[in-house]
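Coordinates as given in final_2.tsv (TSV, C-alpha atoms):
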chain	number	residue	atom	x	y	z
A	98	MET	CA	-41.83	-0.86	155.06
A	99	GLN	CA	-42.58	-4.12	156.84
A	100	ALA	CA	-41.77	-6.12	153.71
A	101	HIS	CA	-38.46	-4.26	153.40
A	102	ALA	CA	-37.62	-4.98	157.02
A	103	ARG	CA	-38.44	-8.66	156.57
A	104	ARG	CA	-36.15	-8.91	153.56
A	105	TYR	CA	-33.37	-7.26	155.53
A	106	ILE	CA	-33.53	-9.54	158.57
A	107	ALA	CA	-33.92	-12.70	156.47
A	108	PRO	CA	-30.96	-12.67	154.06
A	109	PHE	CA	-31.16	-16.46	153.64
A	110	ASP	CA	-34.78	-16.42	152.49
A	111	ASP	CA	-34.49	-17.87	148.97
A	112	GLY	CA	-38.11	-17.01	148.35
A	113	ALA	CA	-36.95	-13.50	147.45
A	114	PRO	CA	-35.28	-13.11	144.06
A	115	GLY	CA	-31.58	-12.32	144.29
A	116	ARG	CA	-31.31	-13.27	147.97
A	117	GLY	CA	-29.06	-15.92	149.46
A	118	LEU	CA	-29.79	-19.57	150.09
A	119	SER	CA	-31.22	-20.87	153.33
A	120	ILE	CA	-28.94	-22.75	155.72
A	121	PRO	CA	-30.49	-26.16	154.89
A	122	ASN	CA	-29.97	-25.45	151.18
A	123	LEU	CA	-26.32	-24.55	151.80
A	124	ILE	CA	-25.87	-27.86	153.64
A	125	THR	CA	-27.51	-29.66	150.72
A	126	LEU	CA	-25.18	-27.91	148.26
A	127	GLY	CA	-22.26	-29.04	150.40
A	128	ARG	CA	-23.52	-32.61	150.04
A	129	ILE	CA	-23.60	-32.21	146.26
A	130	LEU	CA	-20.02	-30.86	146.27
A	131	LEU	CA	-19.01	-33.91	148.29
A	132	VAL	CA	-20.05	-36.25	145.45
A	133	PRO	CA	-16.85	-36.05	143.33
A	134	VAL	CA	-14.76	-36.53	146.48
A	135	VAL	CA	-16.67	-39.71	147.34
A	136	VAL	CA	-16.23	-40.97	143.77
A	137	TRP	CA	-12.50	-40.31	143.93
A	138	VAL	CA	-11.91	-42.07	147.26
A	139	ILE	CA	-13.95	-45.14	146.24
A	140	THR	CA	-12.19	-45.55	142.90
A	141	SER	CA	-8.87	-45.02	144.71
A	142	GLY	CA	-9.69	-47.87	147.08
A	143	GLU	CA	-9.94	-45.66	150.18
A	144	MET	CA	-13.08	-47.38	151.45
A	145	ARG	CA	-12.78	-46.25	155.07
A	146	ILE	CA	-12.66	-42.61	154.01
A	147	ALA	CA	-15.56	-43.29	151.64
A	148	PHE	CA	-17.59	-44.85	154.45
A	149	ILE	CA	-16.92	-41.85	156.72
A	150	LEU	CA	-17.93	-39.41	153.96
A	151	PHE	CA	-21.05	-41.46	153.23
A	152	LEU	CA	-21.93	-41.32	156.93
A	153	ALA	CA	-21.27	-37.56	156.98
A	154	ALA	CA	-23.57	-37.11	153.97
A	155	GLY	CA	-26.32	-39.04	155.76
A	156	ILE	CA	-25.93	-36.92	158.90
A	157	SER	CA	-25.99	-33.70	156.87
A	158	ASP	CA	-29.19	-34.89	155.16
A	159	ALA	CA	-30.81	-35.42	158.56
A	160	VAL	CA	-29.55	-32.04	159.83
A	161	ASP	CA	-30.84	-29.98	156.89
A	162	GLY	CA	-34.19	-31.77	157.11
A	163	PHE	CA	-34.40	-31.05	160.83
A	164	LEU	CA	-33.57	-27.37	160.34
A	165	ALA	CA	-36.04	-26.97	157.49
A	166	LYS	CA	-38.85	-28.62	159.42
A	167	ASN	CA	-38.34	-27.23	162.92
A	168	PHE	CA	-36.99	-23.74	162.23
A	169	HIS	CA	-39.29	-22.77	159.35
A	170	MET	CA	-36.46	-22.85	156.81
A	171	ALA	CA	-38.25	-25.00	154.25
A	172	SER	CA	-38.22	-23.57	150.73
A	173	GLU	CA	-39.41	-24.37	147.25
A	174	LEU	CA	-35.80	-24.68	146.10
A	175	GLY	CA	-35.11	-27.16	148.88
A	176	LYS	CA	-37.92	-29.44	147.69
A	177	TYR	CA	-36.00	-29.94	144.44
A	178	LEU	CA	-32.42	-29.58	145.70
A	179	ASP	CA	-32.59	-32.15	148.51
A	180	PRO	CA	-33.75	-35.16	146.42
A	181	LEU	CA	-31.30	-34.10	143.69
A	182	ALA	CA	-28.44	-34.23	146.20
A	183	ASP	CA	-29.58	-37.62	147.49
A	184	LYS	CA	-29.82	-39.07	143.99
A	185	ALA	CA	-26.47	-37.60	142.92
A	186	MET	CA	-24.80	-39.19	145.95
A	187	ILE	CA	-26.46	-42.61	145.59
A	188	VAL	CA	-25.95	-42.90	141.83
A	189	SER	CA	-22.32	-41.75	142.08
A	190	ILE	CA	-21.60	-44.27	144.84
A	191	TYR	CA	-23.19	-47.11	142.87
A	192	VAL	CA	-21.25	-46.23	139.71
A	193	SER	CA	-18.02	-45.96	141.71
A	194	LEU	CA	-18.61	-49.28	143.49
A	195	GLY	CA	-19.36	-50.86	140.12
A	196	ILE	CA	-16.07	-49.53	138.69
A	197	ALA	CA	-14.25	-50.80	141.80
A	198	GLY	CA	-15.81	-54.25	141.32
A	199	ALA	CA	-17.68	-54.08	144.64
A	200	LEU	CA	-21.14	-54.16	143.01
A	201	PRO	CA	-22.30	-56.14	139.97
A	202	ILE	CA	-22.50	-54.05	136.81
A	203	PHE	CA	-26.06	-55.18	136.05
A	204	LEU	CA	-27.25	-53.65	139.34
A	205	VAL	CA	-25.46	-50.37	138.65
A	206	ILE	CA	-27.02	-50.22	135.17
A	207	LEU	CA	-30.48	-50.96	136.60
A	208	VAL	CA	-30.25	-48.26	139.29
A	209	VAL	CA	-28.84	-45.60	136.94
A	210	SER	CA	-31.25	-46.47	134.10
A	211	ARG	CA	-34.23	-46.19	136.45
A	212	ASP	CA	-33.28	-42.63	137.41
A	213	ILE	CA	-32.56	-41.65	133.80
A	214	MET	CA	-35.96	-43.01	132.71
A	215	ILE	CA	-37.81	-41.14	135.45
A	216	ILE	CA	-36.00	-37.86	134.77
A	217	GLY	CA	-36.61	-38.34	131.04
A	218	ALA	CA	-40.33	-38.93	131.62
A	219	PHE	CA	-40.64	-35.76	133.72
A	220	LEU	CA	-38.73	-33.73	131.12
A	221	LEU	CA	-40.83	-35.09	128.26
A	222	ALA	CA	-44.05	-34.25	130.09
A	223	TRP	CA	-42.73	-30.72	130.73
A	224	LEU	CA	-41.59	-30.24	127.11
A	225	VAL	CA	-45.03	-31.12	125.72
A	226	GLY	CA	-46.73	-28.73	128.13
A	227	ARG	CA	-48.01	-31.38	130.54
A	228	PRO	CA	-45.72	-31.04	133.58
A	229	MET	CA	-46.02	-33.65	136.30
A	230	PRO	CA	-45.94	-32.77	140.00
A	231	VAL	CA	-42.78	-33.93	141.78
A	232	ARG	CA	-44.30	-36.46	144.16
A	233	PRO	CA	-42.15	-39.43	145.28
A	234	LEU	CA	-44.08	-42.69	145.35
A	235	LEU	CA	-44.06	-44.88	148.45
A	236	VAL	CA	-42.27	-47.69	146.63
A	237	SER	CA	-39.63	-45.17	145.56
A	238	LYS	CA	-39.03	-44.17	149.18
A	239	PHE	CA	-38.57	-47.81	150.18
A	240	ASN	CA	-36.26	-48.25	147.20
A	241	THR	CA	-34.10	-45.32	148.29
A	242	VAL	CA	-33.81	-46.74	151.81
A	243	ALA	CA	-32.80	-50.15	150.42
A	244	GLN	CA	-30.22	-48.54	148.11
A	245	ILE	CA	-28.70	-46.59	151.00
A	246	LEU	CA	-28.60	-49.71	153.17
A	247	LEU	CA	-26.87	-51.70	150.43
A	248	ALA	CA	-24.29	-48.95	149.85
A	249	ALA	CA	-23.59	-48.80	153.60
A	250	LEU	CA	-23.18	-52.60	153.79
A	251	VAL	CA	-20.83	-52.80	150.82
A	252	LEU	CA	-18.75	-49.81	151.94
A	253	GLY	CA	-18.62	-51.21	155.49
A	254	GLU	CA	-17.53	-54.65	154.26
A	255	HIS	CA	-14.67	-53.21	152.23
A	256	ALA	CA	-13.73	-50.57	154.79
A	257	PHE	CA	-13.56	-52.79	157.88
A	258	GLY	CA	-13.25	-56.28	156.42
A	259	PHE	CA	-16.29	-57.85	158.08
A	260	ASP	CA	-18.36	-60.57	156.42
A	261	ALA	CA	-21.94	-59.60	155.59
A	262	VAL	CA	-22.42	-61.63	152.41
A	263	ILE	CA	-25.89	-62.94	153.31
A	264	ALA	CA	-27.18	-59.51	154.36
A	265	THR	CA	-25.62	-57.91	151.29
A	266	ASP	CA	-27.10	-60.48	148.89
A	267	LEU	CA	-30.57	-60.16	150.44
A	268	THR	CA	-30.42	-56.36	150.33
A	269	MET	CA	-29.18	-56.49	146.75
A	270	ALA	CA	-32.14	-58.68	145.77
A	271	LEU	CA	-34.46	-56.24	147.54
A	272	VAL	CA	-32.95	-53.31	145.63
A	273	VAL	CA	-33.49	-55.13	142.32
A	274	VAL	CA	-37.15	-55.91	143.12
A	275	LEU	CA	-37.94	-52.42	144.43
A	276	THR	CA	-36.17	-50.74	141.52
A	277	LEU	CA	-38.21	-52.74	139.00
A	278	LEU	CA	-41.42	-52.03	140.93
A	279	SER	CA	-40.53	-48.34	141.06
A	280	ILE	CA	-40.04	-48.25	137.29
A	281	ALA	CA	-43.41	-49.96	136.77
A	282	PHE	CA	-45.28	-47.65	139.16
A	283	TYR	CA	-43.72	-44.47	137.74
A	284	LEU	CA	-44.48	-45.63	134.20
A	285	ALA	CA	-48.11	-46.31	135.14
A	286	GLU	CA	-48.32	-42.91	136.85
A	287	TRP	CA	-46.82	-41.18	133.82
A	288	ILE	CA	-49.22	-42.88	131.40
A	289	ARG	CA	-52.17	-42.04	133.66
A	290	HIS	CA	-51.05	-38.42	133.87
A	291	MET	CA	-50.59	-38.03	130.12
A	292	ASN	CA	-53.93	-39.69	129.32
A	293	SER	CA	-55.86	-37.64	131.88
A	294	PHE	CA	-54.31	-34.47	130.49
A	295	GLY	CA	-55.46	-35.38	127.01
A	296	ALA	CA	-58.97	-36.26	128.21
A	297	GLY	CA	-59.28	-32.92	129.98
A	298	HIS	CA	-58.54	-31.09	126.74
Just give me the structure of the file as structure tokens.
Amino acid sequence: MQAHARRYIAPFDDGAPGRGLSIPNLITLGRILLVPVVVWVITSGEMRIAFILFLAAGISDAVDGFLAKNFHMASELGKYLDPLADKAMIVSIYVSLGIAGALPIFLVILVVSRDIMIIGAFLLAWLVGRPMPVRPLLVSKFNTVAQILLAALVLGEHAFGFDAVIATDLTMALVVVLTLLSIAFYLAEWIRHMNSFGAGH
């Protein structure tokens, strides 16, 4: 009876099969749906709108995190959905800025390839029956912050016409270094995981 009552008063509890999504997860889904819009405005040259949407995405990320943490709305789905939304937004912005000529193609390829390699490594481990825990490395967190900062600088430069060449170049170099380090650390972690799994069996 109590379990039934709990399910009734918590329609957004995604822990129950068939129930709705939590509010933070709905906000995160909204951020994912915003991705094609951001791509379209960047490739159309509407950088001010793109900057505003990028800012809105950042605010929504902070809001859903705040709700999940402080109002006990955290969920297992959210642990996967939130980083997926962040990555979808960042990668889409980098690809769009590369197409628009605002970022060098080599950097776009590096950032996208890094994510493809990591996702591929996780999928391969899962396919061979050795799933890896989803645990972002510290260098990866720094890398994400640097990528967001670079995207904000480039969008801001093109949206409002200010000169931030030195800051942009330094941040770009930081993104390159952190992306390469992230690839190396994830590769080492993946190899360690696969070897330890084999040793345990």
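Near Ala248 (chain A), within 10 Å and counting only C-alpha atoms, sit Phe148, Phe151, Ile187, Ile190, Tyr191, Leu194, Ala199, Leu200, Val242, Ala243, Gln244, Leu252, Gly253, Glu254, Thr265, Thr268 and Met269 of chain A; same-chain residues fewer than 4 positions away were not included.
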With C-alpha atoms retained, export the selected residues as an mmCIF file, in the coordinates of the input.
data_model
loop_
_atom_site.group_PDB
_atom_site.id
_atom_site.type_symbol
_atom_site.label_atom_id
_atom_site.label_comp_id
_atom_site.auth_asym_id
_atom_site.auth_seq_id
_atom_site.Cartn_x
_atom_site.Cartn_y
_atom_site.Cartn_z
ATOM 1 C CA PHE A 148 -17.590 -44.850 154.450
ATOM 2 C CA PHE A 151 -21.050 -41.460 153.230
ATOM 3 C CA ILE A 187 -26.460 -42.610 145.590
ATOM 4 C CA ILE A 190 -21.600 -44.270 144.840
ATOM 5 C CA TYR A 191 -23.190 -47.110 142.870
ATOM 6 C CA LEU A 194 -18.610 -49.280 143.490
ATOM 7 C CA ALA A 199 -17.680 -54.080 144.640
ATOM 8 C CA LEU A 200 -21.140 -54.160 143.010
ATOM 9 C CA VAL A 242 -33.810 -46.740 151.810
ATOM 10 C CA ALA A 243 -32.800 -50.150 150.420
ATOM 11 C CA GLN A 244 -30.220 -48.540 148.110
ATOM 12 C CA LEU A 252 -18.750 -49.810 151.940
ATOM 13 C CA GLY A 253 -18.620 -51.210 155.490
ATOM 14 C CA GLU A 254 -17.530 -54.650 154.260
ATOM 15 C CA THR A 265 -25.620 -57.910 151.290
ATOM 16 C CA THR A 268 -30.420 -56.360 150.330
ATOM 17 C CA MET A 269 -29.180 -56.490 146.750
#
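If you measure from each of A:Leu126, A:Ile196, A:Leu278, A:Met170 to Ser141 (chain A) using only C-alpha atoms, the closest one turns out to be A:Ile196.
If you measure from each of A:Val272, A:Ile156, A:Leu178, A:Leu123 to Val205 (chain A) using all atoms listed in the file, the closest one turns out to be A:Val272.
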Task: Shell of 12 Å around Ala281 (chain A), only C-alpha atoms, local chain residues under 4 positions omitted, as a ChimeraX atom specification - done: /A:211,214-215,234,236-237,274-277,285-288
Once you have the residues from the selection above, write them out as a compact mmCIF listing (two decimals), in the coordinates of the input, restricted to C-alpha atoms.
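Result went into result13.txt, see below:
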# COMPACT_ATOMS: atom_id res chain seq x y z
CA ARG A 211 -34.23 -46.19 136.45
CA MET A 214 -35.96 -43.01 132.71
CA ILE A 215 -37.81 -41.14 135.45
CA LEU A 234 -44.08 -42.69 145.35
CA VAL A 236 -42.27 -47.69 146.63
CA SER A 237 -39.63 -45.17 145.56
CA VAL A 274 -37.15 -55.91 143.12
CA LEU A 275 -37.94 -52.42 144.43
CA THR A 276 -36.17 -50.74 141.52
CA LEU A 277 -38.21 -52.74 139.00
CA ALA A 285 -48.11 -46.31 135.14
CA GLU A 286 -48.32 -42.91 136.85
CA TRP A 287 -46.82 -41.18 133.82
CA ILE A 288 -49.22 -42.88 131.40
TODO: Go through A:Met186, A:Ile280, A:Ile139, A:Leu220 one by one, measure the shortest atom-to-atom distance of each to Ala154 (chain A) using only C-alpha atoms, and give the residue with the smallest value.
DONE: A:Met186
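Minimum distance to Ala147 (chain A) across A:Ser193, A:Ser172, A:Ser119, A:Asn167 (counting only C-alpha atoms) occurs at A:Ser193.
Across the structure, CA of Glu143 (chain A) and CA of Ile202 (chain A) are spaced 20.2 Å apart.
If only C-alpha atoms are the atoms counted, then among A:Ala165, A:Leu131, A:Ile263, A:Met229 the closest residue to Met291 (chain A) is A:Met229.
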TODO: For CA of Ala182 (chain A) and CA of Thr125 (chain A), quote the distance in Å rounded to one decimal.
DONE: 6.5 Å
Put a box with edges along x, y and z around all the listed atoms of region 147-151 of chain A, pad it by 5 Å on each side, then give me its centre and sizes in Å, one decimal, as JSON.
{"center_x": -18.3, "center_y": -42.1, "center_z": 154.2, "size_x": 15.5, "size_y": 15.4, "size_z": 15.1}
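From CA of Gly217 (chain A) back to CA of Ala197 (chain A), the distance works out to 27.8 Å.
Closest approach to Lys184 (chain A) among A:Ile120, A:Leu250, A:Thr241, A:Leu150: A:Thr241, based on all atoms listed in the file.
The residue set within 10 Å of region 179-181 of chain A, counting all atoms listed in the file and dropping same-chain residues fewer than 6 places from it, reads Pro121, Asn122, Ile124, Thr125, Leu126, Arg128, Ile129, Asp158, Asp161, Gly162, Ile187 and Pro233 of chain A.
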Local residues around (-50.7, -35.1, 136.7), at most 12 Å away, using only C-alpha atoms, as a tab-separated table (two decimals) with C-alpha atoms, in the coordinates of the input:
chain	number	residue	atom	x	y	z
A	219	PHE	CA	-40.64	-35.76	133.72
A	222	ALA	CA	-44.05	-34.25	130.09
A	223	TRP	CA	-42.73	-30.72	130.73
A	226	GLY	CA	-46.73	-28.73	128.13
A	227	ARG	CA	-48.01	-31.38	130.54
A	228	PRO	CA	-45.72	-31.04	133.58
A	229	MET	CA	-46.02	-33.65	136.30
A	230	PRO	CA	-45.94	-32.77	140.00
A	231	VAL	CA	-42.78	-33.93	141.78
A	232	ARG	CA	-44.30	-36.46	144.16
A	283	TYR	CA	-43.72	-44.47	137.74
A	285	ALA	CA	-48.11	-46.31	135.14
A	286	GLU	CA	-48.32	-42.91	136.85
A	287	TRP	CA	-46.82	-41.18	133.82
A	288	ILE	CA	-49.22	-42.88	131.40
A	289	ARG	CA	-52.17	-42.04	133.66
A	290	HIS	CA	-51.05	-38.42	133.87
A	291	MET	CA	-50.59	-38.03	130.12
A	292	ASN	CA	-53.93	-39.69	129.32
A	293	SER	CA	-55.86	-37.64	131.88
A	294	PHE	CA	-54.31	-34.47	130.49
A	295	GLY	CA	-55.46	-35.38	127.01
A	296	ALA	CA	-58.97	-36.26	128.21
A	297	GLY	CA	-59.28	-32.92	129.98
